[in-house]
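**Q** What follows is a single structure, and I will ask about it in a moment.
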Amino acid sequence: MQLIVKDIRLTEARMKAENDERELYELFRTGKTLRGLASAQAVIPTREDFAELYGLLRRQLDADRDSFTVRALSWLAASEGRPVGYIKLKVILLTFRELGLFGVERLSGDPEFFAFRRVVTHGKVDLTTAAVYRKIMHDFGQV
């Protein structure tokens, strides 16, 4: 048996960047626009971002791992060669929940800790039907 332990603590610079992104996300969450505060590329998830995170979550669920913090998911995505920023990741998770692609629920009242469960879906789902995704797209005039 082999145990691999990895330190996923952030550097000071990365911690500051993550905190800055959290503040921006909080503005977005409360209805304010991010236009002029962040680039569209930094905050709007691409279809590839959705697909990569979808695949990552399915692989984790297949391995009976179903609970993650936002930071742990971000680290897993980066370790697979597809880093995803905080705002993008939160928009993706909310979109998954809204569209029923995964069961997503907060654990222990912590806004950063989620449990996931597999949901049976049939065919492709139009991501643009999710209100959270439409809102961030609209913020940047990409409707």
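Here, A, B, ... name the chains of the structure tokens in the order displayed, residue numbers run from 1 inside each chain, and ligands are numbered from 1 in the same displayed order.
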A:Arg106: which residues within 12 Å, counting only C-alpha atoms, same-chain residues fewer than 5 positions away excluded, as a PyMOL selection string?

**A** chain A and resi 66-70+93-94+97+111-117

**Q** Please produce a file of those selected residues containing C-alpha atoms, as a PDB file, in the first residue's frame.

**A**
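Dumped to result09.pdb:
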```pdb
ATOM      1  CA  ASP A  66     -18.107  12.848  -3.063  1.00  0.00           C
ATOM      2  CA  SER A  67     -17.266  15.805  -0.808  1.00  0.00           C
ATOM      3  CA  PHE A  68     -14.952  18.662  -1.668  1.00  0.00           C
ATOM      4  CA  THR A  69     -14.150  22.226  -0.804  1.00  0.00           C
ATOM      5  CA  VAL A  70     -14.023  24.707  -3.656  1.00  0.00           C
ATOM      6  CA  LEU A  93     -21.108  24.315  -9.600  1.00  0.00           C
ATOM      7  CA  LEU A  94     -24.219  26.494  -9.417  1.00  0.00           C
ATOM      8  CA  ARG A  97     -26.982  22.219  -9.457  1.00  0.00           C
ATOM      9  CA  PRO A 111     -20.359  27.916   1.807  1.00  0.00           C
ATOM     10  CA  GLU A 112     -17.117  26.386   0.502  1.00  0.00           C
ATOM     11  CA  PHE A 113     -17.775  22.687   1.273  1.00  0.00           C
ATOM     12  CA  PHE A 114     -20.029  20.646  -1.023  1.00  0.00           C
ATOM     13  CA  ALA A 115     -21.270  17.087  -1.348  1.00  0.00           C
ATOM     14  CA  PHE A 116     -22.047  15.762  -4.817  1.00  0.00           C
ATOM     15  CA  ARG A 117     -24.211  12.942  -6.024  1.00  0.00           C
TER      16      ARG A 117
END
```

**Q** Return as a Markdown table the residues of stretch 7-82 of chain A lying at most 12 Å from stretch 121-126 of chain A, together with the closest atom-to-atom pair for each and the distance in Å to one decimal, counting only C-alpha atoms, with rows in chain order and ascending residue number.

**A**
```
| residue | atom | partner | partner_atom | distance |
| --- | --- | --- | --- | --- |
| A:Arg47 | CA | A:Asp126 | CA | 10.4 |
| A:Phe50 | CA | A:Val125 | CA | 11.4 |
| A:Ala51 | CA | A:Lys124 | CA | 11.3 |
```

**Q** For the selection you just gave me, I'd like the residues written to a file as a short mmCIF file (atom, residue, chain, number, x, y, z; two decimals), in the first residue's frame, keeping C-alpha atoms.

**A**
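out.cif was written with the following content:
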```cif
data_model
loop_
_atom_site.label_atom_id
_atom_site.label_comp_id
_atom_site.auth_asym_id
_atom_site.auth_seq_id
_atom_site.Cartn_x
_atom_site.Cartn_y
_atom_site.Cartn_z
CA ARG A 47 -17.91 24.74 -22.52
CA PHE A 50 -17.83 22.69 -17.86
CA ALA A 51 -16.88 19.46 -19.63
#
```

**Q** Could you write out, as a PyMOL selection string, all the residues of chain A that DSSP marks as strand (DSSP E)?

**A** chain A and resi 67-69+102-106+113-118

**Q** Taking only C-alpha atoms into account, which of A:Leu10, A:Ile87, A:Leu101, A:Ala131 comes nearest A:Ala38?

**A**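 Ranking A:Leu10, A:Ile87, A:Leu101, A:Ala131 by distance to A:Ala38, first place goes to A:Ile87.
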
**Q** Skipping near chain neighbours, those fewer than 2 positions away, what residues fall within 10 Å of A:Val84 using only C-alpha atoms, listed as a PDB file with N, CA and C atoms, in the first residue's frame?

**A**
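Below you can see selection03.pdb, which holds the result:
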```pdb
ATOM      1  N   ALA A  42     -11.641  35.617 -17.546  1.00  0.00           N
ATOM      2  CA  ALA A  42     -11.313  35.168 -16.201  1.00  0.00           C
ATOM      3  C   ALA A  42     -12.530  34.653 -15.427  1.00  0.00           C
ATOM      4  N   VAL A  43     -13.732  35.061 -15.818  1.00  0.00           N
ATOM      5  CA  VAL A  43     -14.903  34.709 -15.007  1.00  0.00           C
ATOM      6  C   VAL A  43     -15.975  33.895 -15.719  1.00  0.00           C
ATOM      7  N   PRO A  45     -17.107  30.717 -17.570  1.00  0.00           N
ATOM      8  CA  PRO A  45     -16.623  29.379 -17.911  1.00  0.00           C
ATOM      9  C   PRO A  45     -16.899  29.060 -19.374  1.00  0.00           C
ATOM     10  N   ASP A  49     -14.470  24.167 -19.944  1.00  0.00           N
ATOM     11  CA  ASP A  49     -14.380  24.205 -18.475  1.00  0.00           C
ATOM     12  C   ASP A  49     -15.481  23.344 -17.854  1.00  0.00           C
ATOM     13  N   PHE A  50     -16.711  23.496 -18.367  1.00  0.00           N
ATOM     14  CA  PHE A  50     -17.826  22.695 -17.864  1.00  0.00           C
ATOM     15  C   PHE A  50     -17.557  21.204 -18.086  1.00  0.00           C
ATOM     16  N   GLU A  52     -14.709  19.601 -18.555  1.00  0.00           N
ATOM     17  CA  GLU A  52     -13.601  19.089 -17.744  1.00  0.00           C
ATOM     18  C   GLU A  52     -14.040  18.878 -16.294  1.00  0.00           C
ATOM     19  N   LEU A  53     -14.754  19.832 -15.735  1.00  0.00           N
ATOM     20  CA  LEU A  53     -15.184  19.694 -14.349  1.00  0.00           C
ATOM     21  C   LEU A  53     -16.240  18.589 -14.221  1.00  0.00           C
ATOM     22  N   LEU A  73     -11.439  21.225  -5.189  1.00  0.00           N
ATOM     23  CA  LEU A  73     -11.846  21.012  -6.584  1.00  0.00           C
ATOM     24  C   LEU A  73     -10.954  21.797  -7.535  1.00  0.00           C
ATOM     25  N   SER A  74     -10.640  23.014  -7.154  1.00  0.00           N
ATOM     26  CA  SER A  74      -9.756  23.837  -7.979  1.00  0.00           C
ATOM     27  C   SER A  74      -8.395  23.165  -8.115  1.00  0.00           C
ATOM     28  N   TRP A  75      -7.891  22.633  -7.003  1.00  0.00           N
ATOM     29  CA  TRP A  75      -6.596  21.962  -7.024  1.00  0.00           C
ATOM     30  C   TRP A  75      -6.656  20.706  -7.901  1.00  0.00           C
ATOM     31  N   LEU A  76      -7.738  19.918  -7.774  1.00  0.00           N
ATOM     32  CA  LEU A  76      -7.877  18.717  -8.592  1.00  0.00           C
ATOM     33  C   LEU A  76      -7.903  19.067 -10.082  1.00  0.00           C
ATOM     34  N   ALA A  77      -8.654  20.112 -10.429  1.00  0.00           N
ATOM     35  CA  ALA A  77      -8.726  20.531 -11.831  1.00  0.00           C
ATOM     36  C   ALA A  77      -7.345  20.946 -12.333  1.00  0.00           C
ATOM     37  N   ALA A  78      -6.623  21.717 -11.523  1.00  0.00           N
ATOM     38  CA  ALA A  78      -5.279  22.155 -11.918  1.00  0.00           C
ATOM     39  C   ALA A  78      -4.329  20.970 -12.038  1.00  0.00           C
ATOM     40  N   GLY A  81      -4.363  19.423 -15.266  1.00  0.00           N
ATOM     41  CA  GLY A  81      -3.948  20.276 -16.371  1.00  0.00           C
ATOM     42  C   GLY A  81      -4.988  21.269 -16.826  1.00  0.00           C
ATOM     43  N   ARG A  82      -6.054  21.462 -16.054  1.00  0.00           N
ATOM     44  CA  ARG A  82      -7.114  22.400 -16.437  1.00  0.00           C
ATOM     45  C   ARG A  82      -7.463  23.313 -15.269  1.00  0.00           C
ATOM     46  N   TYR A  86     -11.655  30.688  -9.196  1.00  0.00           N
ATOM     47  CA  TYR A  86     -12.709  30.609  -8.177  1.00  0.00           C
ATOM     48  C   TYR A  86     -14.086  30.969  -8.732  1.00  0.00           C
ATOM     49  N   ILE A  87     -14.186  32.084  -9.421  1.00  0.00           N
ATOM     50  CA  ILE A  87     -15.499  32.522  -9.918  1.00  0.00           C
ATOM     51  C   ILE A  87     -16.038  31.532 -10.940  1.00  0.00           C
ATOM     52  N   LYS A  88     -15.193  31.121 -11.882  1.00  0.00           N
ATOM     53  CA  LYS A  88     -15.624  30.137 -12.873  1.00  0.00           C
ATOM     54  C   LYS A  88     -16.113  28.865 -12.191  1.00  0.00           C
ATOM     55  N   LEU A  89     -15.358  28.402 -11.215  1.00  0.00           N
ATOM     56  CA  LEU A  89     -15.701  27.164 -10.528  1.00  0.00           C
ATOM     57  C   LEU A  89     -17.051  27.287  -9.814  1.00  0.00           C
ATOM     58  N   LYS A  90     -17.275  28.391  -9.130  1.00  0.00           N
ATOM     59  CA  LYS A  90     -18.554  28.582  -8.443  1.00  0.00           C
ATOM     60  C   LYS A  90     -19.709  28.662  -9.453  1.00  0.00           C
ATOM     61  N   ILE A  92     -19.816  27.256 -12.378  1.00  0.00           N
ATOM     62  CA  ILE A  92     -20.008  25.897 -12.892  1.00  0.00           C
ATOM     63  C   ILE A  92     -20.797  25.056 -11.890  1.00  0.00           C
TER      64      ILE A  92
END
```

**Q** Atom CA of A:Lys32 and atom CA of A:Gly109 are how many Å apart?

**A**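 Going from atom CA of A:Lys32 over to atom CA of A:Gly109 covers 24.2 Å.
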
**Q** Select, from A:His138, A:Ala130, A:Gly85, A:Val120, the residue with the minimum atom-to-atom distance to A:Ala17, counting only C-alpha atoms.

**A**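 Distance minimum relative to A:Ala17 lands on A:Gly85.
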
**Q** How far is it from atom CA of A:Glu18 to atom CA of A:Arg71, in Å with one decimal?

**A**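 Separating atom CA of A:Glu18 from atom CA of A:Arg71 is a distance of 9.2 Å.
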
**Q** Which is closer to A:Gly141 than all the others in A:Ser79, A:Ala40, A:Leu57, A:Asp110, using only C-alpha atoms?

**A** A:Ala40
